[in-house]
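Shown next, in structure tokens, is the structure this report addresses.
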Amino acid sequence: MEWIGLAEKNPNRAGEVARQIGADFVTQSHRELLSRPEVTCAIIATDEHLHVDPILAAVERGVPS
């Protein structure tokens, strides 16, 4: 299995999801996650009105999303 990172603002949900997916890294900041060298692609799974900033952060870094 490859490296999995998770950015989730809700710490309780982050812990639960991290356990379920076997995340290697968890943060509340999508920018912190996307700045990590292990990140080679991104899935932006937010409410529609919250897509722009994470997508732009991925594009800035050259990470396919």
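FYI, nothing fancy with the structure tokens labels: chains A, B, ... in order, residues from 1 per chain, ligands from 1 as they appear.
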
Find the residues around Val39 in chain A up to 9 Å (only C-alpha atoms counted), leave out those fewer than 5 positions away in its own chain, and share them as number ranges by chain. A: 3-5, 33-34, 63

With DSSP run on the backbone, what are the strand (DSSP E or B) residues within chain A? I'd like them as a PyMOL selection string. chain A and resi 5-7+25-27

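Taking CA of Ala7 in chain A and CA of Asp53 in chain A as endpoints, the distance between them is 13.0 Å.
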
Tell me which protein, DNA and RNA residues are within 12 Å of Ile55 in chain A, counting only C-alpha atoms, leaving out same-chain ones fewer than 6 positions away, and put them as a count of residues only. 16

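You will find CA of Gln20 in chain A at 22.5 Å from CA of Pro54 in chain A.
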
Which residue gives the smallest distance to Phe25 in chain A among A:Ala57, A:Leu6, A:Arg13, A:Thr40, with only C-alpha atoms counted?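 Distance minimum relative to Phe25 in chain A lands on A:Leu6.
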